[in-house]
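A.B. asks: So I've got this file, protein_21.pdb, and it contains PDB, C-alpha atoms, pLDDT in the B column:
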ATOM      1  CA  MET A1122      29.914  51.263 -44.473  1.00 64.00           C
ATOM      2  CA  LEU A1123      29.097  51.860 -40.826  1.00 69.00           C
ATOM      3  CA  TYR A1124      25.386  51.607 -41.643  1.00 67.00           C
ATOM      4  CA  GLY A1125      25.954  48.162 -43.162  1.00 69.00           C
ATOM      5  CA  ILE A1126      27.863  46.943 -40.118  1.00 78.00           C
ATOM      6  CA  ALA A1127      25.160  48.247 -37.786  1.00 79.00           C
ATOM      7  CA  ALA A1128      22.413  46.658 -39.880  1.00 73.00           C
ATOM      8  CA  ALA A1129      24.220  43.301 -39.893  1.00 76.00           C
ATOM      9  CA  THR A1130      24.745  43.452 -36.130  1.00 84.00           C
ATOM     10  CA  VAL A1131      21.101  44.267 -35.430  1.00 80.00           C
ATOM     11  CA  THR A1132      19.950  41.559 -37.835  1.00 78.00           C
ATOM     12  CA  ALA A1133      22.202  38.926 -36.289  1.00 85.00           C
ATOM     13  CA  THR A1134      21.134  39.859 -32.758  1.00 88.00           C
ATOM     14  CA  ALA A1135      17.456  39.806 -33.678  1.00 85.00           C
ATOM     15  CA  SER A1136      17.871  36.433 -35.389  1.00 88.00           C
ATOM     16  CA  PHE A1137      19.612  34.936 -32.379  1.00 91.00           C
ATOM     17  CA  LEU A1138      17.041  36.197 -29.883  1.00 93.00           C
ATOM     18  CA  LEU A1139      14.045  35.221 -32.014  1.00 92.00           C
ATOM     19  CA  THR A1140      15.483  31.739 -32.563  1.00 93.00           C
ATOM     20  CA  ALA A1141      16.054  31.275 -28.829  1.00 93.00           C
ATOM     21  CA  VAL A1142      12.495  32.351 -28.017  1.00 94.00           C
ATOM     22  CA  LEU A1143      10.932  30.208 -30.740  1.00 94.00           C
ATOM     23  CA  ALA A1144      13.017  27.152 -29.796  1.00 93.00           C
ATOM     24  CA  ALA A1145      11.881  27.550 -26.189  1.00 93.00           C
ATOM     25  CA  LEU A1146       8.263  27.788 -27.344  1.00 94.00           C
ATOM     26  CA  LEU A1147       8.609  24.680 -29.528  1.00 93.00           C
ATOM     27  CA  ARG A1148      10.163  22.622 -26.700  1.00 92.00           C
ATOM     28  CA  ALA A1149       6.858  21.726 -25.008  1.00 92.00           C
ATOM     29  CA  PRO A1150       5.076  20.589 -28.199  1.00 93.00           C
ATOM     30  CA  ALA A1151       8.127  18.535 -29.176  1.00 93.00           C
ATOM     31  CA  LEU A1152       8.122  16.758 -25.828  1.00 91.00           C
ATOM     32  CA  ARG A1153       4.335  16.294 -25.944  1.00 93.00           C
ATOM     33  CA  LEU A1154       4.412  14.857 -29.483  1.00 93.00           C
ATOM     34  CA  ALA A1155       7.516  12.746 -28.703  1.00 91.00           C
ATOM     35  CA  VAL A1156       9.656  14.409 -31.381  1.00 90.00           C
ATOM     36  CA  VAL A1157      12.798  13.722 -29.373  1.00 91.00           C
ATOM     37  CA  ASP A1158      16.231  12.112 -29.547  1.00 89.00           C
ATOM     38  CA  ARG A1159      16.190   9.172 -27.150  1.00 83.00           C
ATOM     39  CA  ARG A1160      19.867   8.217 -27.422  1.00 85.00           C
ATOM     40  CA  ARG A1161      20.672  10.347 -24.402  1.00 80.00           C
ATOM     41  CA  ARG A1162      19.888  10.005 -20.711  1.00 88.00           C
ATOM     42  CA  ARG A1163      16.912  12.312 -21.047  1.00 87.00           C
ATOM     43  CA  PRO A1164      14.847  13.074 -24.167  1.00 85.00           C
ATOM     44  CA  VAL A1165      16.139  16.027 -26.204  1.00 88.00           C
ATOM     45  CA  PRO A1166      13.520  17.896 -28.315  1.00 90.00           C
ATOM     46  CA  LEU A1167      14.300  18.022 -32.036  1.00 90.00           C
ATOM     47  CA  LEU A1168      12.265  21.021 -33.223  1.00 90.00           C
ATOM     48  CA  GLY A1169      15.074  23.575 -32.823  1.00 89.00           C
ATOM     49  CA  GLY A1170      15.839  23.301 -36.537  1.00 89.00           C
ATOM     50  CA  VAL A1171      12.307  24.381 -37.341  1.00 90.00           C
ATOM     51  CA  ALA A1172      12.889  27.502 -35.238  1.00 92.00           C
ATOM     52  CA  VAL A1173      16.102  28.294 -37.118  1.00 91.00           C
ATOM     53  CA  VAL A1174      14.458  27.888 -40.534  1.00 89.00           C
ATOM     54  CA  LEU A1175      11.411  29.981 -39.629  1.00 90.00           C
ATOM     55  CA  VAL A1176      13.444  32.815 -38.122  1.00 91.00           C
ATOM     56  CA  THR A1177      15.858  32.832 -41.066  1.00 86.00           C
ATOM     57  CA  ALA A1178      12.957  33.182 -43.484  1.00 86.00           C
ATOM     58  CA  VAL A1179      11.228  35.876 -41.398  1.00 88.00           C
ATOM     59  CA  VAL A1180      14.378  37.964 -40.906  1.00 84.00           C
ATOM     60  CA  ALA A1181      15.319  37.673 -44.599  1.00 83.00           C
ATOM     61  CA  TRP A1182      11.802  38.724 -45.609  1.00 85.00           C
ATOM     62  CA  ALA A1183      11.752  41.630 -43.148  1.00 85.00           C
ATOM     63  CA  GLY A1184      15.194  42.853 -44.235  1.00 81.00           C
ATOM     64  CA  ASP A1185      14.214  42.703 -47.882  1.00 82.00           C
ATOM     65  CA  ARG A1186      10.857  44.351 -47.239  1.00 85.00           C
ATOM     66  CA  ALA A1187      12.430  47.192 -45.233  1.00 82.00           C
ATOM     67  CA  GLY A1188      15.096  47.716 -47.882  1.00 79.00           C
ATOM     68  CA  VAL A1189      17.930  47.184 -45.406  1.00 75.00           C
ATOM     69  CA  VAL A1190      19.167  44.029 -47.118  1.00 74.00           C
ATOM     70  CA  PRO A1191      17.857  43.752 -50.694  1.00 78.00           C
ATOM     71  CA  LEU A1192      18.024  40.065 -51.601  1.00 81.00           C
ATOM     72  CA  GLY A1193      16.795  39.962 -55.176  1.00 80.00           C
ATOM     73  CA  PRO A1194      14.285  37.669 -56.879  1.00 81.00           C
ATOM     74  CA  ALA A1195      16.239  34.408 -56.472  1.00 84.00           C
ATOM     75  CA  ALA A1196      16.386  34.626 -52.661  1.00 80.00           C
ATOM     76  CA  GLY A1197      12.923  33.115 -52.234  1.00 76.00           C
ATOM     77  CA  ARG A1198      13.854  30.026 -54.210  1.00 82.00           C
ATOM     78  CA  LEU A1199      17.106  29.718 -52.255  1.00 82.00           C
ATOM     79  CA  LEU A1200      15.310  29.887 -48.917  1.00 76.00           C
ATOM     80  CA  ALA A1201      12.679  27.390 -50.081  1.00 77.00           C
TER      81      ALA A1201
END
So, in terms of structure tokens, how does the structure I just supplied come out?
C.D. replies:
Amino acid sequence: MLYGIAAATVTATASFLLTAVLAALLRAPALRLAVVDRRRRRPVPLLGGVAVVLVTAVVAWAGDRAGVVPLGPAAGRLLA
């Protein structure tokens, strides 16, 4: 049980940090390509959702591949 809690904590922390890094990296292209919300005082980039989706897929794949979190055959269709 303790192993499962530790694995979930590490997975959640890795997901959060990877999403933050990827969202920061996608900020400049979003501003350059004008993928922004203009209803505010300054433009807000809208590619943060792409970062969340990519990191979710990568972490799910890595957890399944490592055997830490076996997802089963239907997980790929669910993520897609």
A.B. asks: So which residues touch range 1156-1173 of chain A within 7 Å, counting only C-alpha atoms, skipping near sequence neighbours fewer than 3 positions away, as a PyMOL selection string?
C.D. replies: chain A and resi 1140+1143-1144+1147-1148+1151-1152+1176-1177
A.B. asks: Enumerate, as a list in words, the residues matched when the PyMOL selection byres ((chain A and resi 1130-1137) around 9) is run on the file above.
C.D. replies: Gly1125, Ile1126, Ala1127, Ala1128, Ala1129, Leu1138, Leu1139, Thr1140, Ala1141, Val1142, Val1173, Val1176, Thr1177, Val1179, Val1180 and Gly1184 of chain A
A.B. asks: Could you give me the centre and size, in Å to one decimal, of an axis-aligned box around all listed atoms of range 1136-1154 of chain A with 5 Å added on every side, as lines of an AutoDock Vina configuration file?
C.D. replies:
center_x = 12.0
center_y = 25.6
center_z = -30.2
size_x = 25.3
size_y = 31.6
size_z = 20.4
A.B. asks: Using only C-alpha atoms, which of the listed residues (A:Val1189, A:Leu1200, A:Leu1154, A:Ala1195) sits closest to Leu1175 in chain A?
C.D. replies: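 So, comparing all the options, the nearest one is A:Leu1200.
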A.B. asks: To one decimal place, how far is CA of Pro1194 in chain A from CA of Ala1178 in chain A in Å?
C.D. replies: 14.2 Å
A.B. asks: How many Å lie between CA of Ala1201 in chain A and CA of Leu1146 in chain A, rounded to one decimal?
C.D. replies: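 Value for the CA of Ala1201 in chain A-CA of Leu1146 in chain A distance: 23.2 Å.
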A.B. asks: Determine, counting all atoms listed in the file, which protein, DNA and RNA residues have an atom within 9 Å of an atom of Leu1192 in chain A; residues of the same chain fewer than 5 positions away are not included. Present the result as an MDAnalysis selection string.
C.D. replies: chainID A and resid 1181:1182 1184:1185 1197
